[in-house]
file protein.txt (compact mmCIF, C-alpha atoms and all ligand atoms)
# COMPACT_ATOMS: atom_id res chain seq x y z
CA MET A 15 22.74 -14.03 26.24
CA GLU A 16 20.59 -12.35 23.62
CA SER A 17 18.78 -9.30 24.86
CA ALA A 18 15.84 -8.98 22.53
CA PRO A 19 14.70 -5.38 22.00
CA SER A 20 11.31 -5.51 23.68
CA THR A 21 10.17 -2.34 21.92
CA THR A 22 10.52 -3.92 18.49
CA GLN A 23 7.14 -4.51 16.94
CA GLN A 24 6.78 -8.11 15.85
CA SER A 25 4.16 -8.71 13.24
CA GLY A 26 4.77 -12.40 12.77
CA GLY A 27 5.08 -13.14 16.45
CA ALA A 28 8.33 -15.03 15.96
CA GLY A 29 10.22 -13.39 18.79
CA GLY A 30 12.30 -10.25 18.87
CA ALA A 31 15.80 -11.70 18.67
CA GLY A 32 17.51 -11.22 15.36
CA TRP A 33 16.02 -7.98 14.12
CA GLY A 34 18.93 -5.89 15.33
CA ALA A 35 21.38 -8.31 13.75
CA PHE A 36 19.34 -8.23 10.57
CA LEU A 37 19.48 -4.40 10.45
CA LYS A 38 23.25 -4.57 10.88
CA SER A 39 23.57 -7.09 8.05
CA ILE A 40 21.48 -4.82 5.80
CA ALA A 41 23.67 -1.82 6.53
CA SER A 42 26.69 -3.64 5.20
CA PHE A 43 25.09 -5.65 2.42
CA ASN A 44 26.40 -5.84 -1.10
CA GLY A 45 23.27 -5.30 -3.14
CA ASP A 46 22.32 -8.94 -3.60
CA LEU A 47 18.97 -9.17 -1.83
CA SER A 48 18.93 -12.97 -1.96
CA THR A 49 21.93 -13.12 0.42
CA LEU A 50 20.12 -11.35 3.27
CA THR A 51 19.40 -13.73 6.15
CA ALA A 52 16.15 -12.47 7.55
CA PRO A 53 14.45 -13.36 10.84
CA PRO A 54 11.52 -15.80 10.56
CA PHE A 55 8.65 -13.33 10.69
CA ILE A 56 9.98 -11.57 7.61
CA LEU A 57 10.25 -14.77 5.53
CA SER A 58 7.57 -15.27 2.93
CA SER A 59 6.66 -18.64 1.45
CA THR A 60 5.72 -16.94 -1.81
CA SER A 61 8.23 -16.89 -4.62
CA LEU A 62 8.85 -13.82 -6.77
CA THR A 63 7.55 -15.72 -9.81
CA GLU A 64 4.07 -15.34 -8.27
CA PHE A 65 4.35 -11.56 -8.24
CA SER A 66 3.64 -11.41 -11.99
CA SER A 67 -0.03 -12.05 -11.17
CA TYR A 68 -0.29 -8.62 -9.53
CA TRP A 69 -0.52 -7.14 -13.04
CA CYS A 70 -3.99 -8.49 -13.56
CA GLU A 71 -6.13 -8.78 -10.49
CA HIS A 72 -8.93 -6.87 -12.17
CA PRO A 73 -9.11 -8.60 -15.59
CA SER A 74 -12.03 -6.45 -16.75
CA ILE A 75 -9.98 -3.27 -16.20
CA PHE A 76 -7.03 -4.90 -17.93
CA ALA A 77 -9.22 -5.73 -20.96
CA ALA A 78 -11.27 -2.49 -21.01
CA PRO A 79 -9.07 -0.49 -23.43
CA ALA A 80 -9.99 -2.93 -26.24
CA GLN A 81 -13.57 -1.60 -26.15
CA GLU A 82 -12.62 2.08 -26.48
CA PRO A 83 -12.67 3.55 -30.03
CA ASP A 84 -10.82 6.80 -29.17
CA ALA A 85 -7.01 6.46 -29.02
CA ALA A 86 -6.47 9.12 -26.32
CA LYS A 87 -9.14 7.57 -24.10
CA ARG A 88 -7.60 4.16 -24.69
CA ALA A 89 -4.28 5.50 -23.45
CA LEU A 90 -6.12 6.87 -20.40
CA LEU A 91 -7.70 3.45 -19.72
CA VAL A 92 -4.26 1.87 -19.92
CA LEU A 93 -2.95 4.41 -17.42
CA LYS A 94 -5.94 3.74 -15.16
CA TRP A 95 -5.33 -0.04 -15.28
CA PHE A 96 -1.62 0.47 -14.51
CA LEU A 97 -2.47 2.64 -11.47
CA THR A 98 -4.96 0.07 -10.17
CA THR A 99 -2.24 -2.64 -10.16
CA LEU A 100 0.05 -0.69 -7.80
CA LYS A 101 -1.82 -1.53 -4.60
CA GLN A 102 -1.49 -5.26 -5.23
CA GLN A 103 2.08 -5.04 -6.48
CA TYR A 104 3.49 -2.98 -3.66
CA ALA A 105 1.15 -3.01 -0.63
CA SER A 106 -0.68 -6.34 -0.59
CA ARG A 107 1.86 -8.21 1.55
CA SER A 108 2.05 -5.51 4.20
CA GLU A 109 -1.74 -5.20 4.22
CA GLN A 110 -2.15 -8.95 4.55
CA TYR A 111 0.63 -9.69 7.07
CA GLY A 112 1.29 -6.32 8.69
CA ASN A 113 4.72 -6.05 7.10
CA GLU A 114 6.51 -6.54 3.80
CA LYS A 115 8.22 -9.91 3.56
CA LYS A 116 11.27 -11.39 1.92
CA PRO A 117 10.01 -13.50 -0.98
CA LEU A 118 11.55 -16.83 -2.03
CA ASN A 119 14.32 -16.38 -4.56
CA PRO A 120 13.17 -18.33 -7.65
CA PHE A 121 15.36 -20.99 -9.31
CA LEU A 122 16.07 -20.89 -13.04
CA GLY A 123 13.16 -22.36 -14.95
CA GLU A 124 10.69 -21.95 -12.09
CA LEU A 125 7.15 -21.53 -13.40
CA PHE A 126 4.01 -19.96 -12.05
CA LEU A 127 0.93 -20.67 -14.17
CA GLY A 128 -2.68 -19.74 -13.62
CA ARG A 129 -5.79 -18.20 -15.03
CA TRP A 130 -8.62 -15.91 -14.05
CA GLU A 131 -12.23 -16.73 -14.94
CA ASP A 132 -14.64 -13.86 -14.48
CA ASP A 133 -16.74 -11.21 -16.30
CA ALA A 134 -13.80 -10.62 -18.63
CA GLY A 135 -13.75 -14.29 -19.67
CA THR A 136 -10.55 -16.31 -19.38
CA THR A 137 -7.24 -14.56 -18.77
CA GLU A 138 -4.09 -16.67 -18.79
CA LEU A 139 -0.94 -16.08 -16.76
CA ILE A 140 2.48 -17.49 -17.56
CA SER A 141 5.41 -16.51 -15.36
CA GLU A 142 8.90 -17.98 -15.67
CA GLN A 143 12.23 -17.37 -13.98
CA VAL A 144 14.36 -16.75 -17.06
CA SER A 145 17.61 -15.87 -15.30
CA HIS A 146 19.14 -16.73 -11.94
CA HIS A 147 22.34 -14.63 -12.03
CA PRO A 148 21.09 -11.91 -12.15
CA PRO A 149 17.60 -12.96 -11.04
CA ALA A 150 14.98 -12.01 -13.65
CA THR A 151 11.34 -13.01 -14.01
CA ALA A 152 9.40 -12.85 -17.29
CA TYR A 153 5.64 -13.04 -17.74
CA ASN A 154 2.88 -13.07 -20.31
CA ILE A 155 -0.75 -12.36 -19.51
CA THR A 156 -3.45 -12.70 -22.18
CA ASN A 157 -7.13 -11.93 -21.89
CA LEU A 158 -8.52 -14.41 -24.42
CA PRO A 159 -11.77 -12.69 -25.52
CA SER A 160 -10.23 -9.24 -26.14
CA GLY A 161 -6.70 -10.35 -27.05
CA VAL A 162 -5.27 -7.72 -24.67
CA ARG A 163 -1.81 -9.02 -23.81
CA LEU A 164 0.90 -7.92 -21.40
CA GLU A 165 4.42 -9.25 -21.48
CA GLY A 166 7.48 -8.12 -19.64
CA TYR A 167 10.43 -9.04 -17.49
CA ASN A 168 12.06 -7.53 -14.48
CA ALA A 169 15.01 -7.63 -12.16
CA GLN A 170 15.91 -5.52 -9.13
CA LYS A 171 19.01 -3.60 -8.27
CA ALA A 172 19.26 -2.90 -4.56
CA SER A 173 21.46 -0.50 -2.67
CA PHE A 174 21.63 0.68 0.90
CA SER A 175 21.57 4.33 1.90
CA LYS A 176 19.51 5.07 5.04
CA THR A 177 17.29 2.16 3.99
CA ILE A 178 16.96 -0.51 1.28
CA ASN A 179 16.51 1.22 -2.08
CA ILE A 180 15.40 -0.77 -5.10
CA LYS A 181 15.63 0.20 -8.72
CA GLN A 182 13.59 -1.98 -11.03
CA ILE A 183 15.23 -3.04 -14.26
CA GLY A 184 13.09 -4.22 -17.13
CA HIS A 185 9.81 -3.09 -18.61
CA ALA A 186 6.41 -4.32 -19.76
CA VAL A 187 4.70 -4.18 -23.14
CA LEU A 188 0.92 -4.07 -23.44
CA THR A 189 -0.78 -4.86 -26.76
CA VAL A 190 -4.37 -3.74 -27.30
CA SER A 191 -6.41 -4.45 -30.42
CA ALA A 192 -9.27 -1.99 -30.57
CA PRO A 193 -11.91 -2.83 -33.21
CA SER A 194 -11.72 0.73 -34.58
CA ALA A 195 -7.93 0.81 -34.94
CA ALA A 196 -6.11 -0.26 -38.12
CA GLU A 197 -3.39 -2.00 -36.15
CA PRO A 198 -2.94 -3.00 -32.50
CA ASP A 199 -1.66 -0.33 -30.08
CA THR A 200 1.57 -1.00 -28.26
CA TYR A 201 2.27 0.53 -24.84
CA LEU A 202 5.75 0.47 -23.37
CA ILE A 203 5.67 0.61 -19.58
CA THR A 204 8.54 1.41 -17.22
CA LEU A 205 8.66 0.39 -13.55
CA PRO A 206 8.94 2.66 -10.50
CA SER A 207 11.79 2.69 -8.01
CA LEU A 208 10.97 1.90 -4.43
CA HIS A 209 12.43 1.90 -0.96
CA ILE A 210 11.59 0.17 2.29
CA GLU A 211 10.15 2.22 5.17
CA GLY A 212 9.60 1.16 8.76
CA LEU A 213 12.76 -0.94 8.88
CA ILE A 214 13.95 0.23 12.30
CA PHE A 215 10.52 -0.42 13.79
CA GLY A 216 10.56 -4.01 12.54
CA SER A 217 7.57 -3.46 10.29
CA PRO A 218 8.92 -2.84 6.80
CA PHE A 219 6.64 -1.64 4.01
CA ILE A 220 7.15 -0.24 0.53
CA GLU A 221 7.04 3.36 -0.64
CA LEU A 222 7.35 4.23 -4.33
CA GLU A 223 9.48 7.12 -5.52
CA GLY A 224 10.61 8.98 -8.62
CA SER A 225 8.70 8.63 -11.88
CA SER A 226 7.59 5.92 -14.27
CA TYR A 227 6.18 6.15 -17.79
CA ILE A 228 3.83 4.58 -20.27
CA THR A 229 4.32 5.56 -23.91
CA SER A 230 2.25 4.32 -26.85
CA SER A 231 2.59 3.63 -30.55
CA THR A 232 -0.52 5.84 -30.93
CA GLY A 233 1.47 8.88 -29.79
CA PHE A 234 0.55 9.35 -26.13
CA THR A 235 2.72 9.32 -23.05
CA ALA A 236 1.79 9.13 -19.38
CA LYS A 237 4.19 10.25 -16.67
CA ILE A 238 3.53 9.13 -13.11
CA ASP A 239 5.25 10.92 -10.20
CA TYR A 240 5.35 9.12 -6.86
CA SER A 241 5.72 10.68 -3.43
CA GLY A 242 5.35 9.60 0.16
CA LYS A 243 4.64 11.00 3.59
CA GLY A 244 6.31 14.33 4.17
CA TRP A 245 6.31 15.23 0.49
CA LEU A 246 3.93 17.60 -1.30
CA SER A 247 0.61 16.03 -0.37
CA GLY A 248 1.94 14.82 2.98
CA LYS A 249 0.22 11.45 2.58
CA LYS A 250 1.93 8.13 2.05
CA ASN A 251 1.58 6.27 -1.28
CA SER A 252 0.71 9.45 -3.19
CA PHE A 253 1.06 10.06 -6.88
CA THR A 254 0.13 12.47 -9.63
CA ALA A 255 0.03 11.45 -13.27
CA VAL A 256 -0.41 13.32 -16.53
CA LEU A 257 -1.25 12.07 -20.02
CA TYR A 258 -0.05 14.10 -23.00
CA PRO A 259 0.77 13.69 -26.69
CA THR A 260 4.32 12.27 -26.78
CA GLY A 261 6.85 15.12 -26.85
CA LYS A 262 4.33 17.78 -25.74
CA GLU A 263 4.52 17.50 -21.97
CA LYS A 264 2.77 20.87 -21.50
CA ASP A 265 -0.28 19.78 -23.50
CA ILE A 266 -1.96 17.84 -20.71
CA LEU A 267 -5.03 15.90 -21.84
CA PHE A 268 -5.81 14.23 -18.51
CA ASN A 269 -4.39 14.31 -15.00
CA VAL A 270 -4.80 11.76 -12.22
CA SER A 271 -4.05 12.19 -8.53
CA GLY A 272 -4.55 10.32 -5.31
CA GLN A 273 -3.08 7.45 -3.34
CA TRP A 274 -2.25 4.20 -5.07
CA THR A 275 -3.29 2.22 -1.99
CA LYS A 276 -6.64 3.96 -1.65
CA SER A 277 -8.46 6.02 -4.24
CA PHE A 278 -7.69 8.42 -7.04
CA GLU A 279 -9.43 10.87 -9.35
CA ILE A 280 -9.08 11.36 -13.06
CA HIS A 281 -9.69 14.85 -14.44
CA SER A 282 -9.47 16.18 -17.99
CA GLY A 283 -6.92 18.91 -18.71
CA PRO A 284 -4.12 20.09 -16.39
CA ALA A 285 -4.47 19.82 -12.61
CA LYS A 286 -4.87 23.57 -12.09
CA HIS A 287 -8.36 23.30 -13.63
CA ASN A 288 -9.50 20.41 -11.44
CA SER A 289 -13.06 20.75 -10.17
CA LYS A 290 -16.30 18.77 -10.24
CA ASP A 291 -16.79 19.87 -13.84
CA ASN A 292 -13.78 18.18 -15.38
CA LEU A 293 -13.91 15.06 -13.20
CA VAL A 294 -13.79 12.02 -15.48
CA GLU A 295 -13.77 9.25 -12.90
CA SER A 296 -13.20 8.50 -9.21
CA TRP A 297 -11.54 5.18 -8.55
CA ASN A 298 -12.01 3.18 -5.39
CA PRO A 299 -10.45 -0.26 -5.00
CA LEU A 300 -12.66 -3.10 -6.24
CA PRO A 301 -12.71 -6.71 -5.06
CA LEU A 302 -10.02 -8.76 -6.76
CA SER A 303 -10.58 -11.57 -9.18
CA GLU A 304 -9.02 -14.73 -7.79
CA LEU A 305 -6.28 -16.47 -9.72
CA ILE A 306 -6.93 -20.15 -10.33
CA VAL A 307 -3.86 -22.34 -9.86
CA ALA A 308 -3.81 -26.11 -10.43
CA PRO A 309 -3.72 -28.31 -7.31
CA LEU A 310 -0.14 -29.26 -6.36
CA GLU A 311 -0.38 -32.85 -7.60
CA LYS A 312 -1.49 -31.66 -11.06
CA GLN A 313 1.32 -29.11 -11.37
CA HIS A 314 4.51 -29.54 -13.36
CA PRO A 315 7.41 -30.29 -10.96
CA LEU A 316 8.96 -26.91 -11.79
CA GLU A 317 5.81 -24.99 -10.88
CA SER A 318 6.54 -22.69 -7.98
CA ARG A 319 4.12 -23.87 -5.31
CA ARG A 320 4.88 -27.54 -5.95
CA ALA A 321 8.65 -27.02 -6.01
CA TRP A 322 8.69 -24.91 -2.83
CA ALA A 323 5.98 -26.85 -0.95
CA LYS A 324 8.35 -28.29 1.68
CA VAL A 325 10.04 -24.93 2.26
CA ALA A 326 6.64 -23.23 2.53
CA ALA A 327 5.42 -25.78 5.08
CA ALA A 328 8.56 -25.29 7.16
CA ILE A 329 8.18 -21.49 7.05
CA ALA A 330 4.57 -21.84 8.18
CA LYS A 331 5.76 -23.90 11.18
CA GLY A 332 8.61 -21.51 11.92
CA ASP A 333 11.00 -24.46 11.55
CA LEU A 334 14.09 -22.66 10.29
CA ASP A 335 16.31 -25.75 10.22
CA THR A 336 14.00 -27.46 7.76
CA VAL A 337 13.67 -24.22 5.77
CA SER A 338 17.40 -24.14 5.30
CA THR A 339 17.83 -27.87 4.50
CA GLU A 340 14.97 -27.83 2.00
CA LYS A 341 16.20 -24.60 0.37
CA GLY A 342 19.69 -26.08 0.30
CA LYS A 343 18.47 -29.17 -1.61
CA ILE A 344 17.05 -26.98 -4.38
CA GLU A 345 20.09 -24.72 -4.48
CA ASN A 346 22.54 -27.64 -4.65
CA ALA A 347 20.61 -29.48 -7.33
CA GLN A 348 20.46 -26.27 -9.36
CA ARG A 349 24.17 -25.67 -8.94
CA GLU A 350 24.91 -29.20 -10.10
CA MET A 351 22.61 -28.80 -13.08
CA ARG A 352 24.39 -25.59 -14.14
CA ALA A 353 27.77 -27.33 -13.83
CA LYS A 354 26.50 -30.25 -15.90
CA GLU A 355 25.14 -27.91 -18.59
CA LYS A 356 28.44 -26.11 -18.70
CA ALA A 357 30.39 -29.32 -19.08
CA GLU A 358 28.08 -30.40 -21.89
CA GLY A 359 28.22 -27.01 -23.60
CA ARG A 360 24.50 -26.27 -23.38
CA THR A 361 22.25 -23.85 -21.51
CA TRP A 362 18.93 -24.30 -19.76
CA SER A 363 16.17 -23.86 -22.31
CA ARG A 364 13.49 -21.46 -21.20
CA ARG A 365 10.04 -22.92 -21.62
CA TYR A 366 8.11 -19.83 -22.75
CA PHE A 367 10.55 -17.00 -23.46
CA THR A 368 13.47 -16.36 -25.81
CA ALA A 369 16.23 -13.77 -25.44
CA GLN A 370 16.35 -11.36 -28.39
CA HIS A 371 19.51 -10.20 -30.11
CA ASP A 372 20.73 -6.63 -29.74
CA GLY A 373 18.59 -4.13 -31.60
CA ALA A 374 16.15 -6.85 -32.66
CA ASP A 375 13.20 -5.62 -30.68
CA TRP A 376 11.06 -3.11 -32.56
CA VAL A 377 9.13 -1.93 -29.48
CA LEU A 378 12.30 -0.72 -27.77
CA THR A 379 13.75 0.61 -31.02
CA LYS A 380 10.61 2.59 -31.74
CA LEU A 381 9.36 3.61 -28.29
CA GLY A 382 12.29 3.15 -25.90
CA ALA A 383 13.83 6.59 -26.33
CA ALA A 384 10.62 8.36 -25.21
CA VAL A 385 10.84 6.69 -21.78
CA GLY A 386 14.61 6.44 -21.40
CA LEU A 387 14.92 2.70 -22.09
CA PRO A 388 17.97 1.45 -24.00
CA GLU A 389 17.48 -0.59 -27.19
CA ASN A 390 19.02 -3.66 -25.59
CA GLY A 391 16.41 -3.63 -22.81
CA ASP A 392 19.18 -3.62 -20.16
CA ALA A 393 19.86 -7.20 -21.26
CA ASP A 394 23.20 -7.19 -19.41
CA LYS A 395 21.35 -6.71 -16.09
CA THR A 396 18.51 -9.16 -16.74
CA GLY A 397 20.36 -12.02 -18.42
CA GLY A 398 18.79 -11.13 -21.77
CA LEU A 399 16.09 -9.10 -23.50
CA TRP A 400 13.23 -11.50 -22.91
CA ARG A 401 10.22 -11.84 -25.19
CA PHE A 402 7.32 -14.27 -25.05
CA ASP A 403 7.82 -17.03 -27.63
CA LEU A 404 4.51 -18.19 -29.12
CA ALA A 405 6.08 -21.24 -30.76
CA LYS A 406 7.50 -22.38 -27.42
CA ALA A 407 4.18 -21.72 -25.69
CA ASP A 408 2.36 -23.80 -28.31
CA ALA A 409 4.86 -26.61 -27.88
CA ALA A 410 4.45 -26.45 -24.10
CA ARG A 411 0.68 -26.63 -24.48
CA ARG A 412 0.89 -29.70 -26.74
CA GLU A 413 3.35 -31.52 -24.49
CA THR A 414 1.84 -34.37 -22.47
CA PRO A 415 2.31 -33.68 -18.76
CA PRO A 416 5.07 -35.77 -17.13
CA SER A 417 3.95 -39.10 -15.67
CA GLU A 418 4.31 -39.58 -11.92
CA GLU A 419 7.54 -41.44 -12.56
CA GLU A 420 8.93 -38.68 -14.83
CA ALA A 421 7.85 -35.97 -12.40
CA ARG A 422 9.74 -37.71 -9.60
CA LYS A 423 12.83 -37.93 -11.76
CA LEU A 424 12.66 -34.22 -12.67
CA ALA A 425 12.14 -33.21 -9.03
CA SER A 426 15.11 -35.26 -7.99
CA GLU A 427 17.42 -34.07 -10.75
CA LEU A 428 16.48 -30.37 -10.73
CA LEU A 429 15.36 -29.78 -7.15
CA GLY A 430 17.17 -32.42 -5.14
CA GLN A 431 13.83 -33.75 -3.87
C1 LIG A 501 11.32 -6.90 3.68
C2 LIG A 501 12.78 -6.53 3.64
C3 LIG A 501 13.30 -6.33 4.99
C4 LIG A 501 13.64 -7.53 2.86
C5 LIG A 501 13.86 -7.13 1.43
C6 LIG A 501 12.98 -7.95 0.52
C7 LIG A 501 13.05 -7.53 -0.95
C8 LIG A 501 13.87 -8.60 -1.65
C9 LIG A 501 11.61 -7.43 -1.52
C10 LIG A 501 10.73 -6.47 -0.70
C11 LIG A 501 9.71 -5.89 -1.67
C12 LIG A 501 9.90 -6.67 -2.95
C13 LIG A 501 9.34 -6.07 -4.25
C14 LIG A 501 7.83 -5.89 -4.12
C15 LIG A 501 7.12 -5.76 -5.38
C16 LIG A 501 7.65 -6.01 -6.59
C17 LIG A 501 6.80 -5.79 -7.82
C18 LIG A 501 6.85 -6.96 -8.76
O1 LIG A 501 6.16 -6.67 -9.96
C19 LIG A 501 8.29 -7.32 -9.08
C20 LIG A 501 9.06 -7.62 -7.80
C21 LIG A 501 9.05 -6.48 -6.76
C22 LIG A 501 9.90 -5.31 -7.27
C23 LIG A 501 9.60 -7.04 -5.40
C24 LIG A 501 11.09 -7.43 -5.45
C25 LIG A 501 11.62 -7.94 -4.11
C26 LIG A 501 11.40 -6.94 -2.98
C27 LIG A 501 12.22 -5.70 -3.26

call {"tool": "encode", "arguments": {"input": "protein.txt", "output": "structure tokens"}}
result
Amino acid sequence: MESAPSTTQQSGGAGGAGWGAFLKSIASFNGDLSTLTAPPFILSSTSLTEFSSYWCEHPSIFAAPAQEPDAAKRALLVLKWFLTTLKQQYASRSEQYGNEKKPLNPFLGELFLGRWEDDAGTTELISEQVSHHPPATAYNITNLPSGVRLEGYNAQKASFSKTINIKQIGHAVLTVSAPSAAEPDTYLITLPSLHIEGLIFGSPFIELEGSSYITSSTGFTAKIDYSGKGWLSGKKNSFTAVLYPTGKEKDILFNVSGQWTKSFEIHSGPAKHNSKDNLVESWNPLPLSELIVAPLEKQHPLESRRAWAKVAAAIAKGDLDTVSTEKGKIENAQREMRAKEKAEGRTWSRRYFTAQHDGADWVLTKLGAAVGLPENGDADKTGGLWRFDLAKADAARRETPPSEEEARKLASELLGQ
């Protein structure tokens, strides 16, 4: 007989049995997060390809740097935008559901497409699973009126020591064309490490740790230091950030401090001078702009929500048998597809992104060293150094959407549906 730990807090209400077993499986796991079998309340029906949208839930803040004539202030606006994305990226699931969840593990070629329509005009999102072993997601986000564009890719490397620790592999590149600047600015952005807290209480949530950087072609670098409860400030989700001319870390132009889930303050100069007088801005979270996603029947068969619809419905019902059969169909069809490709000597062609050859990426060659990124973009750990391919995107845009008949064929061949 199972004796469910009655003290375990259950945020999804799916019963207490299984959490202890889950903790045991974590303690001995091999680093591949997708192999963890989690209890129902921890299962999310959202795939990791959707997470790319967290980069832009305030399109007007994303686009703002394009309006700023001064290069140092532009770098500050980029830092501000980056900081405002953290709450969505790392705390939105636990705020919404009461605990972090285990997202769906995307299949190769999975797409998540959408756009925002608001004060900032139209902003387009393209997200694609560009690698399955190791799992890596690439994205491109463009604000059409300003031309501000973010592209990047990421993978995770997990390890277990006291809890689940995750190092993010990959980076993002932001391009900003300011009217006053001779050429567009390029910002190279690294991603913070994180770990899971609250595991033993059955209510996992994310804390960020270590440092991440943003360095620019205009000669500025921002360093962000993350800390949690029990560290310097004592509060969870804390950070301090400084912006300085690249290479002159002591020459602080601006400093930012606060909590990435709540509010933060930007001051000019180093933190020791902080007062009302050098306060530049106080940030408090703003309402989000809602991403518009096509209705399921209008989506391409490889679009995330359409492809996972049956799995998502089964998760919502708590019907784990159906979850596993429906997941299994996708996994088997994908395995067969890979075997077929191998036999025919071809590889899956990514719809929007192309892997670059070693040393071929000028952003990493020029800016990588300042933030500790290798010239190959860690391609060995992300299945390639992925860059948005405009020609492919144009071709995808011109393509006529598959007919009902073709869509059914694709779903059957690629997803086993
Ligand atoms: C909830 C626990 C018990 C299970 C572990 C789930 C793991 C797979 C989840 C929990 C939190 C998740 C991370 C949350 C936020 C981001 C930021 C996004 O830009 C890239 C993916 C990334 C980095 C996620 C990767 C997968 C992740 C690490």

call {"tool": "closest_residue", "arguments": {"input": "protein.txt", "among": "A:Lys406, A:His209, A:Arg129, A:Arg320", "to": "ligand LIG 501 (chain A)", "atoms": "all atoms listed in the file"}}
result
A:His209

call {"tool": "residues_near_point", "arguments": {"input": "protein.txt", "point": "(-0.4, 0.6, -32.1)", "cutoff": "10 Å", "atoms": "all atoms listed in the file", "output": "mmCIF file with C-alpha atoms, in the coordinates of the input"}}
result
data_model
loop_
_atom_site.group_PDB
_atom_site.id
_atom_site.type_symbol
_atom_site.label_atom_id
_atom_site.label_comp_id
_atom_site.auth_asym_id
_atom_site.auth_seq_id
_atom_site.Cartn_x
_atom_site.Cartn_y
_atom_site.Cartn_z
ATOM 1 C CA ALA A 85 -7.010 6.460 -29.020
ATOM 2 C CA LEU A 188 0.920 -4.070 -23.440
ATOM 3 C CA THR A 189 -0.780 -4.860 -26.760
ATOM 4 C CA VAL A 190 -4.370 -3.740 -27.300
ATOM 5 C CA SER A 191 -6.410 -4.450 -30.420
ATOM 6 C CA ALA A 192 -9.270 -1.990 -30.570
ATOM 7 C CA ALA A 195 -7.930 0.810 -34.940
ATOM 8 C CA ALA A 196 -6.110 -0.260 -38.120
ATOM 9 C CA GLU A 197 -3.390 -2.000 -36.150
ATOM 10 C CA PRO A 198 -2.940 -3.000 -32.500
ATOM 11 C CA ASP A 199 -1.660 -0.330 -30.080
ATOM 12 C CA THR A 200 1.570 -1.000 -28.260
ATOM 13 C CA TYR A 201 2.270 0.530 -24.840
ATOM 14 C CA SER A 230 2.250 4.320 -26.850
ATOM 15 C CA SER A 231 2.590 3.630 -30.550
ATOM 16 C CA THR A 232 -0.520 5.840 -30.930
ATOM 17 C CA GLY A 233 1.470 8.880 -29.790
#

call {"tool": "residues_near_ligand", "arguments": {"input": "protein.txt", "ligand": "ligand LIG 501 (chain A)", "cutoff": "9 Å", "atoms": "all atoms listed in the file", "output": "tab-separated table (two decimals) with C-alpha atoms, in the frame of the given file"}}
result
chain	number	residue	atom	x	y	z
A	36	PHE	CA	19.34	-8.23	10.57
A	37	LEU	CA	19.48	-4.40	10.45
A	40	ILE	CA	21.48	-4.82	5.80
A	46	ASP	CA	22.32	-8.94	-3.60
A	47	LEU	CA	18.97	-9.17	-1.83
A	48	SER	CA	18.93	-12.97	-1.96
A	50	LEU	CA	20.12	-11.35	3.27
A	52	ALA	CA	16.15	-12.47	7.55
A	56	ILE	CA	9.98	-11.57	7.61
A	57	LEU	CA	10.25	-14.77	5.53
A	62	LEU	CA	8.85	-13.82	-6.77
A	63	THR	CA	7.55	-15.72	-9.81
A	64	GLU	CA	4.07	-15.34	-8.27
A	65	PHE	CA	4.35	-11.56	-8.24
A	66	SER	CA	3.64	-11.41	-11.99
A	67	SER	CA	-0.03	-12.05	-11.17
A	68	TYR	CA	-0.29	-8.62	-9.53
A	69	TRP	CA	-0.52	-7.14	-13.04
A	100	LEU	CA	0.05	-0.69	-7.80
A	102	GLN	CA	-1.49	-5.26	-5.23
A	103	GLN	CA	2.08	-5.04	-6.48
A	104	TYR	CA	3.49	-2.98	-3.66
A	105	ALA	CA	1.15	-3.01	-0.63
A	107	ARG	CA	1.86	-8.21	1.55
A	113	ASN	CA	4.72	-6.05	7.10
A	114	GLU	CA	6.51	-6.54	3.80
A	115	LYS	CA	8.22	-9.91	3.56
A	116	LYS	CA	11.27	-11.39	1.92
A	117	PRO	CA	10.01	-13.50	-0.98
A	118	LEU	CA	11.55	-16.83	-2.03
A	119	ASN	CA	14.32	-16.38	-4.56
A	151	THR	CA	11.34	-13.01	-14.01
A	167	TYR	CA	10.43	-9.04	-17.49
A	168	ASN	CA	12.06	-7.53	-14.48
A	169	ALA	CA	15.01	-7.63	-12.16
A	170	GLN	CA	15.91	-5.52	-9.13
A	171	LYS	CA	19.01	-3.60	-8.27
A	172	ALA	CA	19.26	-2.90	-4.56
A	178	ILE	CA	16.96	-0.51	1.28
A	179	ASN	CA	16.51	1.22	-2.08
A	180	ILE	CA	15.40	-0.77	-5.10
A	181	LYS	CA	15.63	0.20	-8.72
A	182	GLN	CA	13.59	-1.98	-11.03
A	205	LEU	CA	8.66	0.39	-13.55
A	206	PRO	CA	8.94	2.66	-10.50
A	207	SER	CA	11.79	2.69	-8.01
A	208	LEU	CA	10.97	1.90	-4.43
A	209	HIS	CA	12.43	1.90	-0.96
A	210	ILE	CA	11.59	0.17	2.29
A	213	LEU	CA	12.76	-0.94	8.88
A	216	GLY	CA	10.56	-4.01	12.54
A	217	SER	CA	7.57	-3.46	10.29
A	218	PRO	CA	8.92	-2.84	6.80
A	219	PHE	CA	6.64	-1.64	4.01
A	220	ILE	CA	7.15	-0.24	0.53

call {"tool": "atom_distance", "arguments": {"input": "protein.txt", "atom1": "CA of Trp297 (chain A)", "atom2": "CA of Lys249 (chain A)"}}
result
17.4 Å

call {"tool": "atom_distance", "arguments": {"input": "protein.txt", "atom1": "CA of Phe268 (chain A)", "atom2": "CA of Ile75 (chain A)"}}
result
18.1 Å

call {"tool": "closest_residue", "arguments": {"input": "protein.txt", "among": "A:Thr254, A:Thr396, A:Ser338, A:Ser282", "to": "Pro54 (chain A)", "atoms": "only C-alpha atoms"}}
result
A:Ser338

call {"tool": "closest_residue", "arguments": {"input": "protein.txt", "among": "A:Asn298, A:Ser318, A:Asn288, A:Thr260", "to": "Ala86 (chain A)", "atoms": "all atoms listed in the file"}}
result
A:Thr260
